[in-house]
file upload.cif (mmCIF, C-alpha atoms)
data_work
loop_
_atom_site.label_atom_id
_atom_site.label_comp_id
_atom_site.auth_asym_id
_atom_site.auth_seq_id
_atom_site.Cartn_x
_atom_site.Cartn_y
_atom_site.Cartn_z
CA MET A 401 0.00 0.00 0.00
CA THR A 402 1.34 3.44 -0.92
CA ILE A 403 -0.20 6.52 0.63
CA VAL A 404 0.72 9.88 -0.89
CA THR A 405 -0.28 12.82 1.29
CA ARG A 406 0.09 16.42 0.24
CA PHE A 407 0.58 18.96 3.03
CA PRO A 408 -0.57 21.24 4.46
CA THR A 409 -4.06 21.51 2.87
CA ALA A 410 -4.84 18.61 0.52
CA VAL A 411 -4.94 14.92 1.33
CA LEU A 412 -4.82 12.30 -1.43
CA ALA A 413 -4.51 8.52 -0.97
CA ILE A 414 -3.26 6.29 -3.77
CA PHE A 415 -2.92 2.58 -3.07
CA VAL A 416 -0.11 1.14 -5.14
CA ALA A 417 2.71 -0.74 -3.40
CA THR A 418 4.42 -1.19 -0.04
CA ILE A 419 5.86 2.28 0.38
CA VAL A 420 4.42 5.32 2.18
CA ALA A 421 5.30 8.68 0.61
CA LEU A 422 4.65 12.03 2.32
CA GLN A 423 5.23 15.30 0.50
CA LEU A 424 7.27 17.89 2.38
CA PRO A 425 6.10 21.51 2.43
CA MET A 426 7.56 23.68 -0.32
CA SER A 427 8.49 27.33 -0.25
CA PRO A 428 6.59 29.73 -2.53
CA ALA A 429 7.60 29.48 -6.18
CA ARG A 430 9.54 32.43 -7.58
CA ALA A 431 11.01 30.88 -10.74
CA GLN A 432 11.02 27.56 -12.52
CA LEU A 433 14.11 25.54 -13.32
CA GLN A 434 13.23 23.15 -16.14
CA ILE A 435 15.00 21.24 -18.91
CA ASP A 436 13.54 21.38 -22.43
CA ILE A 437 13.92 17.74 -23.47
CA THR A 438 12.20 18.25 -26.83
CA ARG A 439 15.35 19.82 -28.24
CA GLY A 440 18.13 17.73 -29.75
CA ASN A 441 21.47 17.62 -27.97
CA VAL A 442 20.69 19.13 -24.55
CA ASP A 443 23.63 20.20 -22.36
CA PRO A 444 23.33 18.13 -19.16
CA LEU A 445 22.08 20.14 -16.20
CA PRO A 446 24.67 20.28 -13.37
CA ILE A 447 23.09 18.85 -10.24
CA ALA A 448 24.62 18.26 -6.82
CA ILE A 449 23.45 15.06 -5.11
CA GLY A 450 24.58 14.76 -1.53
CA ASP A 451 24.68 11.57 0.52
CA LEU A 452 21.59 11.20 2.65
CA THR A 453 22.31 11.67 6.33
CA GLY A 454 22.03 8.80 8.80
CA THR A 455 22.30 8.28 12.55
CA THR A 456 23.88 4.79 12.55
CA PRO A 457 26.63 3.32 10.34
CA ASP A 458 24.25 1.01 8.48
CA ILE A 459 21.82 3.83 7.71
CA VAL A 460 24.69 6.09 6.67
CA GLN A 461 25.61 3.43 4.12
CA VAL A 462 22.01 3.22 2.92
CA GLY A 463 21.98 7.00 2.46
CA ARG A 464 25.21 6.81 0.48
CA ASP A 465 23.86 3.97 -1.68
CA VAL A 466 20.55 5.75 -2.38
CA ALA A 467 22.42 8.89 -3.47
CA GLY A 468 24.64 6.80 -5.76
CA VAL A 469 21.68 5.17 -7.50
CA ILE A 470 19.97 8.56 -7.95
CA ALA A 471 23.11 10.05 -9.51
CA ALA A 472 23.57 7.06 -11.85
CA ASN A 473 19.93 7.14 -12.96
CA LEU A 474 19.95 10.84 -13.75
CA GLU A 475 23.30 10.76 -15.54
CA ARG A 476 22.21 7.76 -17.63
CA SER A 477 19.27 9.80 -18.93
CA GLY A 478 21.78 12.13 -20.59
CA LEU A 479 19.98 15.18 -19.21
CA PHE A 480 21.94 15.61 -15.96
CA ARG A 481 25.57 15.81 -14.82
CA ALA A 482 26.23 14.93 -11.20
CA ILE A 483 28.84 17.29 -9.77
CA GLU A 484 31.82 15.60 -8.12
CA ARG A 485 31.46 15.62 -4.35
CA ALA A 486 35.02 16.83 -3.93
CA ALA A 487 33.85 20.16 -5.37
CA PHE A 488 31.21 20.68 -2.65
CA ILE A 489 31.84 23.73 -0.45
CA GLU A 490 28.98 23.15 1.96
CA ASP A 491 28.62 19.64 3.39
CA PRO A 492 25.10 18.54 2.33
CA THR A 493 24.86 16.21 5.32
CA GLN A 494 25.08 19.26 7.62
CA ILE A 495 22.16 21.11 6.02
CA THR A 496 19.27 21.35 8.49
CA LEU A 497 16.82 23.91 7.10
CA ARG A 498 18.11 25.73 4.02
CA PRO A 499 21.34 25.34 2.06
CA ARG A 500 23.83 28.15 1.66
CA PHE A 501 22.73 28.70 -1.92
CA GLY A 502 25.69 30.90 -2.79
CA ASP A 503 28.10 28.03 -2.08
CA TRP A 504 26.26 25.83 -4.58
CA ARG A 505 26.09 28.51 -7.25
CA LEU A 506 29.87 28.91 -6.99
CA ILE A 507 30.29 25.32 -8.24
CA ASN A 508 27.58 25.86 -10.89
CA ALA A 509 25.10 23.47 -9.27
CA GLN A 510 21.77 24.55 -10.74
CA ALA A 511 19.91 22.01 -8.61
CA LEU A 512 20.70 20.39 -5.27
CA VAL A 513 19.40 17.19 -3.68
CA THR A 514 19.56 16.77 0.10
CA GLY A 515 17.92 14.35 2.49
CA GLY A 516 18.25 11.87 5.28
CA ALA A 517 17.37 8.36 6.40
CA ILE A 518 16.50 6.82 9.75
CA ARG A 519 15.33 3.47 11.04
CA GLU A 520 11.99 3.85 12.80
CA ALA A 521 11.01 2.05 16.01
CA ASP A 522 9.12 -0.63 14.08
CA GLY A 523 12.22 -1.38 11.98
CA ARG A 524 11.01 0.33 8.82
CA LEU A 525 13.24 2.65 6.82
CA ARG A 526 12.26 6.31 6.56
CA VAL A 527 13.89 8.28 3.73
CA GLU A 528 13.28 11.92 2.91
CA PHE A 529 14.69 14.15 0.20
CA ARG A 530 14.40 17.74 -0.97
CA LEU A 531 15.13 19.16 -4.42
CA TRP A 532 16.38 22.77 -4.39
CA ASP A 533 16.66 25.37 -7.13
CA THR A 534 19.91 27.05 -6.15
CA PHE A 535 19.43 30.19 -8.28
CA ALA A 536 15.81 30.83 -7.29
CA GLU A 537 16.78 29.77 -3.71
CA GLN A 538 13.67 27.68 -3.23
CA GLN A 539 12.60 24.09 -2.67
CA MET A 540 11.09 22.54 -5.78
CA THR A 541 9.78 19.33 -4.27
CA GLY A 542 10.24 17.07 -1.27
CA LEU A 543 9.00 13.64 -0.23
CA VAL A 544 9.26 11.21 2.66
CA TYR A 545 9.17 7.45 1.99
CA VAL A 546 8.57 4.79 4.64
CA THR A 547 9.18 1.17 3.65
CA ASN A 548 10.97 -2.05 4.51
CA PRO A 549 14.77 -1.62 4.51
CA GLU A 550 15.26 -4.06 1.62
CA ASN A 551 13.30 -1.65 -0.62
CA TRP A 552 15.99 1.04 -0.43
CA ARG A 553 16.91 0.69 -4.12
CA ARG A 554 13.33 1.17 -5.21
CA ILE A 555 13.18 4.29 -3.04
CA ALA A 556 16.16 5.60 -4.99
CA HIS A 557 14.32 4.97 -8.28
CA LEU A 558 11.19 6.73 -7.00
CA ILE A 559 13.24 9.75 -5.92
CA SER A 560 14.96 9.76 -9.32
CA ASP A 561 11.55 9.77 -11.01
CA ALA A 562 10.37 12.65 -8.82
CA ILE A 563 13.47 14.72 -9.67
CA TYR A 564 13.29 13.89 -13.38
CA SER A 565 9.58 14.78 -13.48
CA ARG A 566 10.01 18.07 -11.62
CA LEU A 567 12.91 19.24 -13.78
CA THR A 568 11.69 18.06 -17.19
CA GLY A 569 7.92 18.21 -16.90
CA GLU A 570 7.79 14.58 -18.13
CA ASP A 571 7.10 11.37 -16.24
CA GLY A 572 10.17 9.49 -15.07
CA TYR A 573 10.99 5.92 -16.07
CA PHE A 574 13.46 4.70 -13.45
CA ASP A 575 11.03 2.64 -11.35
CA THR A 576 10.75 0.04 -14.13
CA ARG A 577 12.11 -3.32 -15.21
CA ILE A 578 13.35 -4.88 -18.43
CA VAL A 579 12.61 -8.40 -19.62
CA TYR A 580 14.80 -9.72 -22.42
CA ILE A 581 16.34 -12.81 -23.99
CA SER A 582 19.73 -13.73 -22.50
CA GLU A 583 21.89 -15.54 -25.07
CA THR A 584 24.97 -17.68 -24.79
CA GLY A 585 26.75 -20.44 -26.72
CA ALA A 586 27.89 -21.01 -30.29
CA ALA A 587 25.88 -19.52 -33.14
CA ASP A 588 24.55 -22.92 -34.21
CA LYS A 589 23.76 -24.01 -30.62
CA ARG A 590 22.45 -20.82 -29.09
CA ILE A 591 20.93 -21.09 -25.60
CA LYS A 592 18.23 -18.49 -24.98
CA ARG A 593 16.79 -17.80 -21.53
CA LEU A 594 14.15 -15.39 -20.35
CA ALA A 595 15.77 -12.82 -18.03
CA LEU A 596 14.54 -9.93 -15.92
CA MET A 597 16.29 -6.93 -14.36
CA ASP A 598 15.69 -3.41 -13.11
CA GLN A 599 16.17 -0.74 -15.77
CA ASP A 600 19.64 -0.03 -14.34
CA GLY A 601 20.69 -3.70 -14.50
CA ALA A 602 20.27 -4.44 -10.78
CA GLY A 603 18.25 -7.37 -9.49
CA HIS A 604 19.08 -9.53 -12.48
CA ARG A 605 17.60 -13.02 -12.58
CA PHE A 606 16.80 -15.75 -15.08
CA LEU A 607 13.17 -16.83 -15.42
CA THR A 608 13.73 -19.92 -17.60
CA ASP A 609 16.49 -22.53 -17.63
CA GLY A 610 17.35 -22.51 -21.34
CA LYS A 611 16.09 -26.01 -22.11
CA ASP A 612 13.42 -24.65 -24.44
CA LEU A 613 13.83 -21.84 -26.96
CA VAL A 614 12.15 -18.61 -25.81
CA LEU A 615 11.43 -15.53 -27.93
CA THR A 616 9.78 -12.08 -27.89
CA PRO A 617 8.84 -11.45 -24.23
CA ARG A 618 6.39 -8.60 -23.59
CA PHE A 619 5.07 -7.03 -20.37
CA SER A 620 1.44 -6.71 -19.45
CA PRO A 621 0.53 -3.01 -19.08
CA THR A 622 -1.73 -3.72 -16.09
CA ARG A 623 -0.21 -6.65 -14.15
CA GLN A 624 3.22 -8.01 -13.28
CA GLU A 625 2.97 -10.56 -16.06
CA ILE A 626 4.94 -11.36 -19.18
CA THR A 627 3.78 -13.04 -22.35
CA TYR A 628 6.34 -14.81 -24.50
CA LEU A 629 6.77 -17.46 -27.16
CA SER A 630 8.45 -20.79 -26.41
CA TYR A 631 8.93 -23.99 -28.33
CA PHE A 632 7.96 -27.23 -26.62
CA GLY A 633 9.76 -29.66 -28.90
CA ASP A 634 8.97 -28.23 -32.33
CA ARG A 635 5.58 -26.87 -31.30
CA PRO A 636 5.21 -23.13 -30.58
CA ARG A 637 3.40 -22.15 -27.41
CA VAL A 638 2.41 -18.78 -26.04
CA TYR A 639 2.93 -18.50 -22.27
CA ILE A 640 2.00 -16.02 -19.56
CA TYR A 641 4.52 -15.74 -16.72
CA ASN A 642 3.59 -14.17 -13.39
CA ILE A 643 6.65 -12.35 -12.05
CA ASP A 644 5.43 -12.16 -8.45
CA THR A 645 4.56 -15.86 -8.10
CA GLY A 646 6.87 -17.44 -10.69
CA GLN A 647 3.93 -19.37 -12.13
CA GLN A 648 3.62 -19.77 -15.87
CA GLU A 649 0.50 -20.67 -17.81
CA ILE A 650 0.03 -21.84 -21.38
CA LEU A 651 -2.11 -19.28 -23.17
CA GLY A 652 -2.22 -21.22 -26.42
CA ASP A 653 -0.72 -24.25 -28.14
CA PHE A 654 -0.72 -23.64 -31.87
CA PRO A 655 -0.06 -26.08 -34.72
CA GLY A 656 1.52 -23.50 -37.04
CA MET A 657 4.14 -20.83 -36.55
CA THR A 658 3.36 -18.14 -33.98
CA PHE A 659 5.04 -14.74 -33.86
CA ALA A 660 5.44 -11.83 -31.44
CA PRO A 661 2.62 -12.10 -28.87
CA ARG A 662 1.86 -8.78 -27.17
CA PHE A 663 -0.73 -7.60 -24.64
CA SER A 664 -3.54 -5.17 -25.40
CA PRO A 665 -3.51 -1.92 -23.36
CA ASP A 666 -6.10 -3.26 -20.91
CA GLY A 667 -4.17 -6.53 -20.45
CA ASN A 668 -7.22 -8.63 -21.33
CA ARG A 669 -6.11 -9.77 -24.78
CA VAL A 670 -2.95 -10.91 -26.50
CA ILE A 671 -2.37 -9.99 -30.13
CA MET A 672 -0.06 -12.06 -32.32
CA SER A 673 0.63 -13.42 -35.77
CA LEU A 674 -0.43 -17.02 -36.44
CA ALA A 675 0.40 -19.12 -39.48
CA VAL A 676 -2.64 -21.17 -40.52
CA ASP A 677 -2.29 -23.40 -43.59
CA GLY A 678 0.97 -21.65 -44.37
CA ASN A 679 -0.46 -18.11 -44.27
CA SER A 680 0.36 -15.62 -41.50
CA ASP A 681 -2.35 -13.24 -40.29
CA ILE A 682 -3.03 -11.13 -37.21
CA TYR A 683 -5.16 -12.65 -34.43
CA THR A 684 -6.20 -11.72 -30.91
CA MET A 685 -6.91 -14.08 -28.02
CA ASP A 686 -8.94 -13.21 -24.95
CA VAL A 687 -6.78 -14.04 -21.91
CA ARG A 688 -9.77 -15.18 -19.84
CA THR A 689 -11.97 -17.03 -22.33
CA ARG A 690 -9.23 -18.10 -24.80
CA ARG A 691 -11.51 -16.94 -27.61
CA VAL A 692 -9.51 -16.28 -30.82
CA GLU A 693 -10.45 -13.60 -33.35
CA GLN A 694 -8.83 -13.17 -36.76
CA LEU A 695 -8.19 -9.53 -37.77
CA THR A 696 -6.42 -9.76 -41.15
CA ARG A 697 -7.10 -12.05 -44.11
CA ASN A 698 -4.43 -11.56 -46.70
CA PRO A 699 -2.24 -14.01 -48.65
CA ALA A 700 0.81 -11.95 -47.63
CA ILE A 701 2.75 -12.28 -44.36
CA ASP A 702 1.19 -10.06 -41.65
CA THR A 703 3.12 -9.97 -38.38
CA SER A 704 4.52 -7.89 -35.47
CA PRO A 705 1.24 -6.30 -34.32
CA SER A 706 1.14 -3.60 -31.63
CA PHE A 707 -1.83 -1.75 -30.15
CA ALA A 708 -2.08 2.02 -29.83
CA PRO A 709 -2.13 2.98 -26.11
CA ASP A 710 -5.86 3.73 -26.23
CA GLY A 711 -6.59 0.35 -27.84
CA SER A 712 -8.38 1.88 -30.82
CA ARG A 713 -5.83 1.00 -33.52
CA ILE A 714 -3.13 -1.53 -34.33
CA THR A 715 0.11 -1.22 -36.25
CA PHE A 716 1.72 -4.23 -37.96
CA ASN A 717 4.05 -5.02 -40.81
CA SER A 718 3.16 -6.84 -44.01
CA ASP A 719 4.77 -7.69 -47.35
CA ARG A 720 1.47 -7.43 -49.23
CA SER A 721 2.91 -4.57 -51.31
CA GLY A 722 5.90 -6.71 -52.35
CA THR A 723 8.26 -5.58 -49.58
CA GLN A 724 7.96 -5.34 -45.80
CA GLN A 725 6.09 -2.15 -44.91
CA ILE A 726 4.22 -0.74 -41.91
CA TYR A 727 0.42 -0.65 -41.81
CA VAL A 728 -2.21 0.56 -39.36
CA MET A 729 -5.78 -0.61 -38.91
CA ASP A 730 -8.71 -0.24 -36.55
CA ALA A 731 -8.81 -2.58 -33.54
CA ASP A 732 -11.44 -4.73 -35.29
CA GLY A 733 -9.29 -5.17 -38.41
CA ASP A 734 -11.07 -2.57 -40.56
CA GLY A 735 -9.39 0.37 -42.29
CA GLN A 736 -6.07 -1.31 -43.11
CA LYS A 737 -3.71 1.31 -44.52
CA ARG A 738 -0.04 1.41 -45.44
CA ILE A 739 1.88 4.27 -43.80
CA SER A 740 5.57 3.64 -44.69
CA PHE A 741 6.79 4.71 -48.13
CA GLY A 742 10.49 5.42 -47.62
CA ASP A 743 13.44 3.69 -49.22
CA GLY A 744 14.02 0.27 -47.64
CA ARG A 745 12.15 -2.42 -45.70
CA TYR A 746 10.33 -1.83 -42.41
CA ALA A 747 9.65 -4.24 -39.53
CA THR A 748 8.77 -4.59 -35.80
CA PRO A 749 6.56 -1.50 -35.44
CA VAL A 750 5.57 -0.62 -31.87
CA TRP A 751 3.31 2.21 -30.77
CA SER A 752 4.62 4.79 -28.31
CA PRO A 753 2.95 4.89 -24.86
CA ARG A 754 2.19 8.53 -25.64
CA GLY A 755 0.37 7.56 -28.84
CA ASP A 756 2.20 10.14 -30.94
CA LEU A 757 4.80 7.95 -32.67
CA ILE A 758 5.50 4.44 -33.95
CA ALA A 759 9.03 3.06 -33.56
CA PHE A 760 10.31 0.55 -36.11
CA THR A 761 13.29 -1.32 -37.53
CA LYS A 762 14.40 -0.31 -41.02
CA PHE A 763 16.78 -2.05 -43.42
CA ARG A 764 18.22 -0.16 -46.36
CA ARG A 765 21.47 -0.19 -48.31
CA GLY A 766 22.90 -3.00 -46.21
CA ARG A 767 22.42 -1.24 -42.86
CA PHE A 768 19.84 -1.45 -40.07
CA HIS A 769 18.24 1.48 -38.27
CA ILE A 770 15.87 2.17 -35.40
CA GLY A 771 13.49 4.96 -36.39
CA VAL A 772 10.21 6.65 -35.53
CA MET A 773 7.33 8.09 -37.54
CA ARG A 774 3.92 9.52 -36.81
CA PRO A 775 0.94 7.16 -37.01
CA ASP A 776 0.03 8.63 -40.40
CA GLY A 777 3.52 7.88 -41.75
CA THR A 778 4.81 11.45 -41.74
CA GLY A 779 7.85 12.77 -39.90
CA GLU A 780 10.07 9.69 -40.31
CA ARG A 781 13.37 10.01 -38.42
CA LEU A 782 16.16 7.44 -38.13
CA LEU A 783 17.79 7.40 -34.67
CA THR A 784 20.48 4.70 -35.06
CA GLU A 785 22.52 2.89 -37.70
CA SER A 786 24.62 -0.28 -37.49
CA PHE A 787 25.27 -3.73 -38.90
CA LEU A 788 22.09 -4.96 -37.14
CA ASP A 789 19.72 -2.94 -34.93
CA GLU A 790 16.32 -4.47 -34.19
CA ALA A 791 13.28 -4.81 -31.87
CA PRO A 792 12.61 -1.33 -30.40
CA THR A 793 10.75 -1.03 -27.09
CA TRP A 794 9.58 2.19 -25.45
CA ALA A 795 10.22 3.49 -21.95
CA PRO A 796 6.83 4.15 -20.31
CA ASN A 797 7.22 7.93 -20.71
CA GLY A 798 7.74 7.60 -24.49
CA ARG A 799 11.07 9.46 -24.44
CA VAL A 800 13.62 6.62 -24.59
CA ILE A 801 13.83 3.54 -26.84
CA MET A 802 15.71 0.33 -26.06
CA PHE A 803 16.68 -2.19 -28.75
CA PHE A 804 19.29 -4.83 -29.44
CA ARG A 805 22.37 -4.55 -31.63
CA GLN A 806 24.46 -7.35 -33.11
CA GLU A 807 28.05 -6.88 -34.18
CA PRO A 808 29.32 -8.52 -37.41
CA ARG A 809 31.32 -11.70 -37.20
CA ARG A 810 34.98 -11.57 -38.14
CA ASP A 811 36.73 -13.87 -40.59
CA ASP A 812 38.08 -16.04 -37.76
CA GLY A 813 34.55 -16.67 -36.49
CA SER A 814 34.83 -14.36 -33.49
CA GLY A 815 32.58 -11.40 -32.88
CA GLY A 816 28.86 -11.41 -33.45
CA GLU A 817 28.07 -10.18 -29.92
CA VAL A 818 24.47 -9.22 -29.23
CA ALA A 819 23.75 -6.46 -26.69
CA LEU A 820 21.00 -4.15 -25.49
CA TRP A 821 21.24 -0.44 -26.24
CA SER A 822 19.13 2.63 -25.57
CA VAL A 823 18.73 5.95 -27.37
CA ASP A 824 16.58 8.96 -26.62
CA LEU A 825 13.86 10.20 -28.91
CA THR A 826 16.09 12.90 -30.43
CA GLY A 827 18.69 10.34 -31.54
CA PHE A 828 21.21 11.39 -28.88
CA ASN A 829 22.46 9.66 -25.72
CA LEU A 830 23.12 6.28 -27.34
CA ARG A 831 24.21 3.93 -24.53
CA ARG A 832 24.89 0.24 -24.10
CA VAL A 833 22.80 -1.47 -21.42
CA VAL A 834 25.03 -3.78 -19.39
CA THR A 835 23.86 -7.41 -19.05
CA PRO A 836 25.75 -10.46 -17.72
CA LEU A 837 25.59 -12.24 -21.10
CA ASP A 838 24.51 -11.33 -24.61
CA GLY A 839 21.00 -9.89 -24.75
CA SER A 840 18.26 -9.45 -27.36
CA ASP A 841 14.51 -8.75 -27.68
CA PRO A 842 14.12 -6.29 -24.77
CA ALA A 843 10.73 -5.20 -23.46
CA TRP A 844 10.23 -2.30 -21.07
CA SER A 845 7.75 -2.63 -18.20
CA PRO A 846 5.25 0.05 -17.27
CA LEU A 847 6.02 2.00 -14.11
CA PHE A 848 5.61 -0.28 -11.09
CA SER A 849 3.01 2.08 -9.66
CA GLU A 850 0.89 1.63 -12.80
CA SER A 851 0.95 -2.16 -12.78
CA ARG A 852 0.55 -3.07 -9.10
#

call {"tool": "encode", "arguments": {"input": "upload.cif", "output": "structure tokens"}}
result
Amino acid sequence: MTIVTRFPTAVLAIFVATIVALQLPMSPARAQLQIDITRGNVDPLPIAIGDLTGTTPDIVQVGRDVAGVIAANLERSGLFRAIERAAFIEDPTQITLRPRFGDWRLINAQALVTGGAIREADGRLRVEFRLWDTFAEQQMTGLVYVTNPENWRRIAHLISDAIYSRLTGEDGYFDTRIVYISETGAADKRIKRLALMDQDGAGHRFLTDGKDLVLTPRFSPTRQEITYLSYFGDRPRVYIYNIDTGQQEILGDFPGMTFAPRFSPDGNRVIMSLAVDGNSDIYTMDVRTRRVEQLTRNPAIDTSPSFAPDGSRITFNSDRSGTQQIYVMDADGDGQKRISFGDGRYATPVWSPRGDLIAFTKFRRGRFHIGVMRPDGTGERLLTESFLDEAPTWAPNGRVIMFFRQEPRRDDGSGGEVALWSVDLTGFNLRRVVTPLDGSDPAWSPLFSESR
């Protein structure tokens, strides 16, 4: 249960998880420090993030760890630069009421994060933070979180989201997880396991043992569940995996090829491509009743379907025009329309959580790209280019895209590594996402607070 209370006048209760958050009073606003993230290459905003204070050695360490995770999250976004602590003039752990703002302006800290942690009498961890605008000399936001001590890392992600949201005007995306395919072994004997981790790589664990081939995992937008494709012998099966319980359930056992299952926005249906009598079309299956509905009927290959966030439309790719292109249609299969007309072949379209863009894979002139376009096909922009980039997935705020990249093999047979990467919507801040082994087919979860 999460209770968010706004002081001193309004009270609002939101029941989400096992953390209590209380908003600290803020001083009157005199100016607004904000990053415009719609521009291209934004200079990172200098921000000072002090260790959270603590009264015992173990809590001091928690405060130091929380601050480290916050700094890493914000820097990884490409929008912030954490100032080295050696440059601090005022010790942030000694701040009681208000910082000496002049000391922070001297080191060009445009924002400052302070806070503290204590262990309450019942053993729970209480963490508070404040975000300060050092030039306007005012508090921008402040929250108190009360939770079990083992949740300290999630507290750090929630604080990161609060800071990101306050300074950019956009929702954060740090309190999320990534499911992907972990790969190892020789190219002709590849072992693929379902794996899960926090968006920063922490909490990594394998969900399957690698005995059966697994492909294309996707998160439910409403529950802590994953749908994915696995082969039992030579027979494709679509599974639903409950992350909280570890239980998996067979959604469907299909005689033909099955491709890319994905949840509908309400989590009640799974949409996928099924091959019946050698022809691939788009189908949906009701998760509760197992009722199957066919949406496309075309002799071409229709695959990789993805719902718009409001559930009203679907994007998919098809070679009905002679080459792979992107199409959209109504949720009932009507109004099928091609929207991609550029040079090259298009694949793996996926609708942005904001509804304003469709991300895709594009192949042209021997190179692969991750790109975006509007749902009507206009405004196409290519964000990446490499030997092989594929399978985009959106952060829940619609500002960052993750995908996988494969390197070419060398003449001696070495190389060919497969890794996860991320890039922001402007095409900047391209970063490799660290995983223990090779990784492919990533899928970004919704924010925890939206799915619990």

call {"tool": "residues_around", "arguments": {"input": "upload.cif", "residues": "segment 745-761 of chain A", "least_positions_apart": "6", "cutoff": "9 Å", "atoms": "all atoms listed in the file", "output": "PyMOL selection string"}}
result
chain A and resi 703-710+714-718+723-727+768-775+777+789-799+801

call {"tool": "resolve_selection", "arguments": {"input": "upload.cif", "expression": "the PyMOL selection byres ((chain A and resi 615) around 9)", "output": "PyMOL selection string"}}
result
chain A and resi 580-581+592-594+613-614+616-617+628-631+659-660+841

call {"tool": "write_last_selection", "arguments": {"input": "upload.cif", "atoms": "C-alpha atoms", "output": "compact mmCIF listing (two decimals), keeping the file's coordinate frame"}}
result
# COMPACT_ATOMS: atom_id res chain seq x y z
CA TYR A 580 14.80 -9.72 -22.42
CA ILE A 581 16.34 -12.81 -23.99
CA LYS A 592 18.23 -18.49 -24.98
CA ARG A 593 16.79 -17.80 -21.53
CA LEU A 594 14.15 -15.39 -20.35
CA LEU A 613 13.83 -21.84 -26.96
CA VAL A 614 12.15 -18.61 -25.81
CA THR A 616 9.78 -12.08 -27.89
CA PRO A 617 8.84 -11.45 -24.23
CA TYR A 628 6.34 -14.81 -24.50
CA LEU A 629 6.77 -17.46 -27.16
CA SER A 630 8.45 -20.79 -26.41
CA TYR A 631 8.93 -23.99 -28.33
CA PHE A 659 5.04 -14.74 -33.86
CA ALA A 660 5.44 -11.83 -31.44
CA ASP A 841 14.51 -8.75 -27.68

call {"tool": "atom_distance", "arguments": {"input": "upload.cif", "atom1": "atom CA of Phe574 of chain A", "atom2": "atom CA of Ser560 of chain A"}}
result
6.7 Å

call {"tool": "resolve_selection", "arguments": {"input": "upload.cif", "expression": "the PyMOL selection byres ((chain A and resi 632) around 12)", "output": "VMD selection string"}}
result
chain A and resid 610 to 614 629 to 631 633 to 639 650 652 to 655

call {"tool": "closest_residue", "arguments": {"input": "upload.cif", "among": "A:Asp838, A:Asp458, A:Glu550, A:Asp491", "to": "Gly603 of chain A", "atoms": "only C-alpha atoms"}}
result
A:Glu550

call {"tool": "resolve_selection", "arguments": {"input": "upload.cif", "expression": "the PyMOL selection byres ((chain A and resi 566) around 12)", "output": "VMD selection string"}}
result
chain A and resid 432 to 436 511 530 to 533 539 to 542 559 to 565 567 to 572

call {"tool": "atom_distance", "arguments": {"input": "upload.cif", "atom1": "atom CA of Thr627 of chain A", "atom2": "atom CA of Leu651 of chain A"}}
result
8.6 Å
